[in-house]
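Engineer: Data: coords30.cif, mmCIF, C-alpha atoms and all ligand atoms.
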data_run
loop_
_atom_site.label_atom_id
_atom_site.label_comp_id
_atom_site.auth_asym_id
_atom_site.auth_seq_id
_atom_site.Cartn_x
_atom_site.Cartn_y
_atom_site.Cartn_z
CA MET A 1 170.50 94.78 61.69
CA SER A 2 173.86 94.29 59.98
CA THR A 3 176.26 91.76 61.41
CA ASN A 4 178.81 94.55 61.98
CA THR A 5 177.41 96.15 65.12
CA PRO A 6 177.27 94.50 68.56
CA PRO A 7 173.66 94.91 69.82
CA ALA A 8 174.32 97.41 72.59
CA GLY A 9 178.00 97.35 73.40
CA ARG A 10 179.59 97.52 76.83
CA PRO A 11 179.81 101.09 78.19
CA GLU A 12 183.59 100.82 78.42
CA ALA A 13 183.83 99.91 74.74
CA LEU A 14 181.46 102.72 73.83
CA TYR A 15 183.61 105.10 75.86
CA ARG A 16 186.77 104.02 74.08
CA LEU A 17 185.13 104.80 70.75
CA ALA A 18 183.80 108.13 72.02
CA GLU A 19 187.23 109.13 73.34
CA ARG A 20 189.12 108.11 70.21
CA VAL A 21 186.74 110.01 67.95
CA ALA A 22 186.54 113.05 70.25
CA ILE A 23 190.33 113.37 70.34
CA GLU A 24 190.49 113.01 66.55
CA ALA A 25 187.74 115.60 66.11
CA ALA A 26 189.36 118.03 68.56
CA GLU A 27 192.62 117.84 66.62
CA PHE A 28 190.69 118.51 63.40
CA VAL A 29 189.09 121.58 64.99
CA ARG A 30 192.44 122.78 66.30
CA VAL A 31 194.28 122.53 62.98
CA SER A 32 191.30 123.82 60.98
CA ARG A 33 190.91 127.06 62.90
CA PRO A 34 192.35 130.00 60.94
CA PRO A 35 194.04 132.90 62.73
CA GLY A 36 191.80 135.72 63.93
CA ARG A 37 188.02 135.48 63.90
CA VAL A 38 186.28 132.51 62.28
CA GLU A 39 183.64 133.30 59.67
CA VAL A 40 180.06 132.54 60.70
CA ALA A 41 178.45 130.38 58.01
CA ALA A 42 174.88 130.66 59.27
CA THR A 43 172.72 131.36 62.31
CA LYS A 44 170.00 129.19 63.86
CA SER A 45 167.65 130.14 66.72
CA SER A 46 168.63 133.80 66.61
CA PRO A 47 171.18 136.10 64.91
CA THR A 48 173.61 135.34 67.76
CA ASP A 49 173.28 131.53 67.47
CA ALA A 50 176.25 130.96 65.16
CA VAL A 51 177.44 127.95 63.23
CA THR A 52 180.66 127.69 61.22
CA GLU A 53 181.66 125.42 58.39
CA ILE A 54 184.14 123.85 60.83
CA ASP A 55 181.26 122.93 63.19
CA ARG A 56 179.58 121.19 60.26
CA ALA A 57 182.73 119.47 58.99
CA THR A 58 183.59 118.27 62.49
CA GLU A 59 180.18 116.71 62.96
CA ASP A 60 180.53 115.00 59.57
CA LEU A 61 183.89 113.60 60.71
CA ILE A 62 182.36 112.30 63.95
CA ARG A 63 179.35 110.78 62.19
CA ALA A 64 181.58 108.95 59.69
CA ALA A 65 184.03 107.68 62.32
CA ILE A 66 181.27 106.29 64.55
CA ALA A 67 179.31 104.79 61.63
CA ALA A 68 182.45 103.05 60.42
CA GLU A 69 182.62 101.18 63.75
CA ARG A 70 178.93 100.92 64.56
CA PRO A 71 176.82 101.31 61.41
CA ASP A 72 173.52 100.42 63.07
CA ASP A 73 173.67 103.06 65.82
CA GLY A 74 171.54 106.19 65.93
CA PHE A 75 172.97 109.72 65.94
CA VAL A 76 171.73 113.04 67.34
CA GLY A 77 174.02 115.93 66.48
CA GLU A 78 173.71 119.69 66.80
CA GLU A 79 174.35 120.41 63.15
CA GLY A 80 172.79 117.54 61.19
CA GLU A 81 169.70 115.41 60.83
CA ASP A 82 168.81 112.87 63.51
CA LEU A 83 169.56 109.27 62.54
CA ILE A 84 167.39 106.52 64.02
CA GLY A 85 169.39 103.36 64.65
CA THR A 86 168.50 99.71 65.23
CA SER A 87 171.16 98.70 67.77
CA GLY A 88 169.73 100.37 70.88
CA VAL A 89 172.74 102.68 70.97
CA ASP A 90 172.71 106.27 69.82
CA TRP A 91 175.28 109.01 69.94
CA VAL A 92 174.60 112.56 71.17
CA VAL A 93 177.17 114.95 69.77
CA ASP A 94 178.10 118.62 69.90
CA PRO A 95 180.99 119.00 67.48
CA ILE A 96 182.02 122.34 68.96
CA ASP A 97 180.38 123.28 72.25
CA GLY A 98 181.22 126.92 72.78
CA THR A 99 180.93 127.94 69.14
CA VAL A 100 180.95 131.67 69.91
CA ASN A 101 184.22 131.21 71.82
CA PHE A 102 185.56 129.31 68.81
CA VAL A 103 184.55 132.15 66.49
CA TYR A 104 186.23 134.78 68.69
CA GLY A 105 189.27 132.69 69.61
CA ILE A 106 188.43 132.46 73.32
CA GLY A 107 190.08 129.26 74.60
CA ALA A 108 186.98 127.48 75.95
CA TYR A 109 185.34 125.24 73.36
CA GLY A 110 185.11 121.50 73.29
CA VAL A 111 184.06 118.40 71.38
CA SER A 112 181.32 116.56 73.28
CA ILE A 113 180.38 112.95 72.46
CA ALA A 114 178.03 110.78 74.54
CA ALA A 115 176.69 107.27 73.98
CA ARG A 116 173.17 106.32 75.09
CA VAL A 117 171.84 102.79 75.46
CA ASP A 118 168.05 102.70 75.24
CA GLY A 119 168.03 106.46 75.91
CA ALA A 120 170.28 106.45 79.01
CA VAL A 121 173.73 108.07 78.78
CA VAL A 122 176.31 105.38 79.64
CA ALA A 123 179.54 106.93 78.35
CA GLY A 124 180.69 110.47 77.69
CA CYS A 125 183.82 112.27 76.56
CA VAL A 126 184.55 116.01 76.35
CA VAL A 127 187.80 117.29 74.87
CA ASN A 128 188.77 120.92 75.49
CA VAL A 129 190.18 121.83 72.09
CA ALA A 130 192.16 124.79 73.36
CA THR A 131 193.96 122.89 76.15
CA GLY A 132 193.83 119.28 74.93
CA GLU A 133 192.41 118.15 78.29
CA THR A 134 190.12 115.13 77.97
CA TYR A 135 187.26 114.47 80.40
CA GLY A 136 185.59 111.08 80.47
CA ALA A 137 183.04 109.05 82.37
CA VAL A 138 181.26 105.72 82.24
CA LEU A 139 177.95 105.15 84.05
CA GLY A 140 178.83 103.60 87.41
CA GLY A 141 182.49 103.62 86.45
CA GLY A 142 183.58 107.04 87.65
CA ALA A 143 184.91 110.17 85.94
CA TRP A 144 188.45 111.15 85.03
CA LYS A 145 190.59 113.74 83.31
CA THR A 146 193.55 113.11 81.04
CA GLN A 147 196.10 115.86 80.63
CA ALA A 148 197.29 116.80 77.17
CA PRO A 149 198.63 115.29 75.02
CA ALA A 150 196.13 112.47 74.51
CA GLY A 151 197.24 109.33 76.31
CA GLY A 152 198.84 111.38 79.08
CA PRO A 153 198.37 110.72 82.81
CA THR A 154 194.76 110.24 83.89
CA THR A 155 193.39 111.56 87.19
CA PRO A 156 190.12 110.34 88.77
CA LEU A 157 187.67 113.21 89.32
CA THR A 158 185.81 113.68 92.60
CA ALA A 159 184.04 117.00 93.07
CA PRO A 160 185.54 118.82 96.07
CA THR A 161 183.49 119.80 99.11
CA PRO A 162 182.06 123.29 98.48
CA PRO A 163 182.34 126.07 101.09
CA SER A 164 178.63 126.98 101.31
CA VAL A 165 175.94 128.30 99.01
CA ALA A 166 176.82 131.87 99.97
CA LEU A 167 180.44 131.20 98.97
CA ALA A 168 179.65 129.07 95.93
CA LEU A 169 181.15 129.99 92.55
CA VAL A 170 178.30 129.38 90.10
CA ALA A 171 178.77 128.59 86.42
CA THR A 172 175.98 129.62 84.11
CA GLY A 173 175.02 130.51 80.58
CA PHE A 174 172.27 132.28 78.69
CA SER A 175 169.96 131.58 75.81
CA TYR A 176 170.56 132.89 72.31
CA ARG A 177 166.99 134.21 72.30
CA PRO A 178 166.69 137.80 73.62
CA GLU A 179 163.32 137.36 75.33
CA ILE A 180 164.55 134.29 77.24
CA ARG A 181 167.86 135.97 78.01
CA ALA A 182 166.05 138.93 79.59
CA ALA A 183 164.16 136.61 81.96
CA GLN A 184 167.38 134.75 82.78
CA ALA A 185 169.14 138.01 83.56
CA ALA A 186 166.32 138.99 85.92
CA ALA A 187 166.66 135.68 87.78
CA MET A 188 170.44 136.04 87.83
CA THR A 189 170.04 139.51 89.36
CA GLN A 190 168.37 137.81 92.31
CA LEU A 191 170.89 134.96 92.55
CA LEU A 192 174.16 136.88 92.12
CA PRO A 193 174.17 138.72 95.50
CA GLN A 194 173.51 135.42 97.30
CA VAL A 195 176.52 133.45 95.99
CA ARG A 196 180.28 134.11 95.75
CA ASP A 197 180.12 135.02 92.05
CA ILE A 198 179.20 133.65 88.63
CA ARG A 199 181.27 132.54 85.68
CA ARG A 200 179.84 132.49 82.19
CA ILE A 201 182.42 130.47 80.26
CA GLY A 202 180.29 129.83 77.17
CA SER A 203 180.41 126.03 77.03
CA ALA A 204 177.98 123.93 79.05
CA ALA A 205 180.06 120.80 78.48
CA LEU A 206 183.17 122.47 79.90
CA ASP A 207 181.13 124.04 82.72
CA LEU A 208 179.91 120.61 83.80
CA CYS A 209 183.40 119.11 83.55
CA GLY A 210 184.62 122.10 85.57
CA LEU A 211 182.14 121.18 88.31
CA ALA A 212 183.62 117.68 88.38
CA GLU A 213 187.14 119.00 88.94
CA GLY A 214 186.23 121.84 91.31
CA ARG A 215 186.63 124.83 88.99
CA CYS A 216 183.21 125.93 90.22
CA ASP A 217 180.82 124.81 92.95
CA ALA A 218 177.42 124.89 91.26
CA TYR A 219 175.72 125.41 87.91
CA VAL A 220 172.44 126.67 86.51
CA GLU A 221 171.32 127.09 82.92
CA GLN A 222 168.11 127.00 80.91
CA GLY A 223 167.74 126.20 77.25
CA LEU A 224 170.42 123.54 76.87
CA LYS A 225 170.04 120.99 74.10
CA PRO A 226 170.75 117.28 74.61
CA TRP A 227 174.13 117.61 72.88
CA ASP A 228 175.23 120.44 75.21
CA LEU A 229 174.34 118.36 78.22
CA ALA A 230 174.82 114.63 77.61
CA ALA A 231 178.54 113.98 78.07
CA GLY A 232 179.31 116.74 80.59
CA SER A 233 176.41 115.79 82.85
CA LEU A 234 177.69 112.20 83.09
CA VAL A 235 181.20 113.44 83.94
CA ALA A 236 179.73 115.68 86.67
CA ALA A 237 177.43 112.98 88.05
CA GLU A 238 180.17 110.35 88.13
CA ALA A 239 182.36 112.86 90.02
CA GLY A 240 179.64 113.08 92.72
CA ILE A 241 177.65 116.09 91.55
CA VAL A 242 173.84 116.06 91.89
CA LEU A 243 171.95 117.26 88.82
CA GLU A 244 168.27 118.18 88.70
CA GLY A 245 165.80 119.81 86.38
CA LEU A 246 162.47 121.54 86.81
CA ASP A 247 160.58 118.42 87.87
CA GLY A 248 162.99 115.53 87.55
CA PRO A 249 166.14 114.95 85.51
CA PRO A 250 167.78 117.98 83.87
CA ASP A 251 166.41 118.97 80.48
CA GLU A 252 166.05 121.96 78.15
CA ARG A 253 163.82 123.75 80.64
CA LEU A 254 166.36 123.80 83.48
CA VAL A 255 169.68 122.31 84.57
CA MET A 256 170.81 122.75 88.18
CA ALA A 257 173.92 121.05 89.51
CA ALA A 258 175.79 121.15 92.82
CA HIS A 259 177.66 119.05 95.35
CA PRO A 260 175.39 116.92 97.62
CA LEU A 261 176.33 119.01 100.66
CA ILE A 262 174.73 122.16 99.25
CA CYS A 263 172.44 120.93 96.48
CA ARG A 264 169.15 121.08 98.37
CA GLU A 265 169.75 124.63 99.61
CA TYR A 266 171.19 125.72 96.25
CA PHE A 267 168.37 124.20 94.19
CA ALA A 268 165.77 125.90 96.42
CA LEU A 269 167.59 129.23 96.02
CA VAL A 270 167.75 128.88 92.21
CA ARG A 271 164.00 128.23 92.03
CA ALA A 272 163.26 131.07 94.50
CA CYS A 273 165.22 133.46 92.27
CA GLY A 274 162.90 132.72 89.39
CA PHE A 275 164.72 130.17 87.22
C1 LIG B 301 176.50 126.74 74.04
C2 LIG B 301 176.36 126.14 75.41
C3 LIG B 301 176.43 127.23 76.47
C4 LIG B 301 175.32 128.19 76.28
C5 LIG B 301 175.49 128.83 74.93
C6 LIG B 301 175.47 127.78 73.82
P1 LIG B 301 176.93 125.93 71.54
O1 LIG B 301 176.40 125.73 73.07
O2 LIG B 301 177.37 125.20 75.62
O3 LIG B 301 176.36 126.71 77.77
O4 LIG B 301 175.31 129.15 77.30
O5 LIG B 301 174.44 129.76 74.76
O6 LIG B 301 174.20 127.17 73.78
O7 LIG B 301 175.85 126.72 70.86
O8 LIG B 301 178.20 126.66 71.57
O9 LIG B 301 177.06 124.54 71.00
#
Have the structure of the file written as structure tokens, please.
Ligand code: LIP

Structural biologist:
Amino acid sequence: MSTNTPPAGRPEALYRLAERVAIEAAEFVRVSRPPGRVEVAATKSSPTDAVTEIDRATEDLIRAAIAAERPDDGFVGEEGEDLIGTSGVDWVVDPIDGTVNFVYGIGAYGVSIAARVDGAVVAGCVVNVATGETYGAVLGGGAWKTQAPAGGPTTPLTAPTPPSVALALVATGFSYRPEIRAAQAAAMTQLLPQVRDIRRIGSAALDLCGLAEGRCDAYVEQGLKPWDLAAGSLVAAEAGIVLEGLDGPPDERLVMAAHPLICREYFALVRACGF
């Protein structure tokens, strides 16, 4: 281990680094985006799973900024190779969560940076590039939102009491793979008549931050990668939201999230609908 990196780092210090880099990266994305539609550089899991050169350049910026401060940390990013560290800290990063929105110019895409210590997320920051809003959380330290511009007033986030499952506004998303999407649509056909409505914003990180601030009441999605989930799930959890997966913590197979007052009923409904 070099002498430059503290062994694990206090969550608050890791958050400050995540926030600084996320704000810098979000500004890079904002100024880099050309007018109109952004060119797709390549596709990944399917022809609809797009990546742009700006996704790649943003992840490079984030990797370099974090390595400059903490050269012995690991890194798991959507667009690059995993880096195994020696400090016990690794960073889980989606440089642009909501890439399709970014390509089309729909104002819901964010930079998501989370820090893990020995595999547990302890700090997370999501910056909505289109609005400049910054969401943050530290494990056991609460969640908050900072209005644009960066450094503006910060508001603690506590998820509001939901009306009921039947009146819950549910955020969701779908896989890039057609065969999985078809099964998800079939399950959603069962769920939709039993809740207020759904919203498919196109960014899991912003969906989870939206749960924390009451822009929706519940969430369900399958197929999320660690970088889609890491920072936003900490913001939601620290705002009082309960998150569960298929048989334990949320993972790629299933993410369900809701306020404690409705989570048991909602989770049972989601499973009964076939998710
Ligand atoms: C996106 C997720 C979203 C999901 C999309 C996509 P990306 O991540 O944030 O919730 O529904 O299919 O996976 O690909 O924009 O980083």

Engineer: Taking all atoms listed in the file and a cut-off of 7 Å, can you tell me which residues surround ligand LIG 301 (chain B), written as a ChimeraX atom specification?

Structural biologist: /A:49,94,96-100,172-176,202-205,224,228

Engineer: Using all atoms listed in the file, pick whichever of A:Tyr135, A:Phe75, A:Trp227, A:Tyr219 has the shortest atom-to-atom distance to Leu243 (chain A).

Structural biologist: A:Tyr219

Engineer: Could you state the separation of CA of Glu79 (chain A) and CA of Val103 (chain A) in Å, given to one decimal place?

Structural biologist: 15.9 Å

Engineer: Which is closer to Gln194 (chain A) than all the others in A:Ala148, A:Gly240, A:Arg30, A:Ala272, using only C-alpha atoms?

Structural biologist: A:Ala272

Engineer: Pick from A:Val51, A:Ala137, A:Leu169, A:Ala68: nearest to Ala231 (chain A), with only C-alpha atoms counted?

Structural biologist: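 For Ala231 (chain A), the nearest of the given residues is A:Ala137.
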
Engineer: Report the distance between CA of Leu191 (chain A) and CA of Arg177 (chain A) in Å, rounded to one decimal place.

Structural biologist: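 We find that CA of Leu191 (chain A) and CA of Arg177 (chain A) lie 20.6 Å from each other.
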
Engineer: So that I can check the surroundings of Gly77 (chain A), please list as a list in words every protein, DNA and RNA residue that reaches within 9 Å of it, counting all atoms listed in the file and ignoring chain neighbours fewer than 2 positions away.

Structural biologist: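 Answer for this query is Glu59, Arg63, Phe75, Glu79, Gly80, Glu81, Asp82, Leu83, Trp91, Val92, Val93, Asp94, Pro95, Pro226 and Trp227 of chain A.
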
Engineer: Rank A:Ala13, A:Cys216, A:Ala67, A:Ala22 by their smallest atom-to-atom distance to Arg196 (chain A), using all atoms listed in the file, and report the top residue only.

Structural biologist: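 Once distances to Arg196 (chain A) are computed over all atoms listed in the file, the minimum belongs to A:Cys216.
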
Engineer: Could you tell me which of A:Ser46, A:Gln147, A:Ser233, A:Thr58 comes closest to Arg181 (chain A) if we count all atoms listed in the file?

Structural biologist: A:Ser46

Engineer: For a quick check of understanding, using all atoms listed in the file, which of A:Leu211, A:Ala150, A:Leu14, A:Ala182 has the smallest distance to Glu133 (chain A)?

Structural biologist: A:Ala150

Engineer: Measure the distance from CA of Glu19 (chain A) to CA of Asp60 (chain A) in Å and round it to one decimal.

Structural biologist: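 Here the two named atoms are 16.4 Å from each other.
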
Engineer: List as a PyMOL selection string the protein and nucleic acid residues near Leu254 (chain A), meaning an atom at most 7 Å away when all atoms listed in the file are counted, but skip any in the same chain fewer than 4 places from it.

Structural biologist: chain A and resi 221-223+245-246+250

Engineer: Please work out which residues fall within 6 Å of (178.7, 130.9, 94.5), coordinates as given in the file, with all atoms listed in the file counting, and return them as a list of chain:residue names.

Structural biologist: A:Val165, A:Ala166, A:Leu167, A:Ala168, A:Leu169, A:Val170, A:Val195, A:Arg196, A:Asp197

Engineer: If you count only C-alpha atoms, which residues fall within 9 Å of Ala115 (chain A), apart from same-chain ones fewer than 4 positions away, as a PDB file with C-alpha atoms, keeping the file's coordinate frame?

Structural biologist:
ATOM      1  CA  PRO A  11     179.810 101.090  78.190  1.00  0.00           C
ATOM      2  CA  LEU A  14     181.460 102.720  73.830  1.00  0.00           C
ATOM      3  CA  TYR A  15     183.610 105.100  75.860  1.00  0.00           C
ATOM      4  CA  ALA A  18     183.800 108.130  72.020  1.00  0.00           C
ATOM      5  CA  VAL A  89     172.740 102.680  70.970  1.00  0.00           C
ATOM      6  CA  ASP A  90     172.710 106.270  69.820  1.00  0.00           C
ATOM      7  CA  TRP A  91     175.280 109.010  69.940  1.00  0.00           C
ATOM      8  CA  VAL A  92     174.600 112.560  71.170  1.00  0.00           C
ATOM      9  CA  VAL A  93     177.170 114.950  69.770  1.00  0.00           C
ATOM     10  CA  GLY A 119     168.030 106.460  75.910  1.00  0.00           C
ATOM     11  CA  ALA A 120     170.280 106.450  79.010  1.00  0.00           C
ATOM     12  CA  VAL A 121     173.730 108.070  78.780  1.00  0.00           C
ATOM     13  CA  VAL A 122     176.310 105.380  79.640  1.00  0.00           C
ATOM     14  CA  ALA A 123     179.540 106.930  78.350  1.00  0.00           C
ATOM     15  CA  GLY A 124     180.690 110.470  77.690  1.00  0.00           C
ATOM     16  CA  ALA A 230     174.820 114.630  77.610  1.00  0.00           C
ATOM     17  CA  ALA A 231     178.540 113.980  78.070  1.00  0.00           C
TER      18      ALA A 231
END
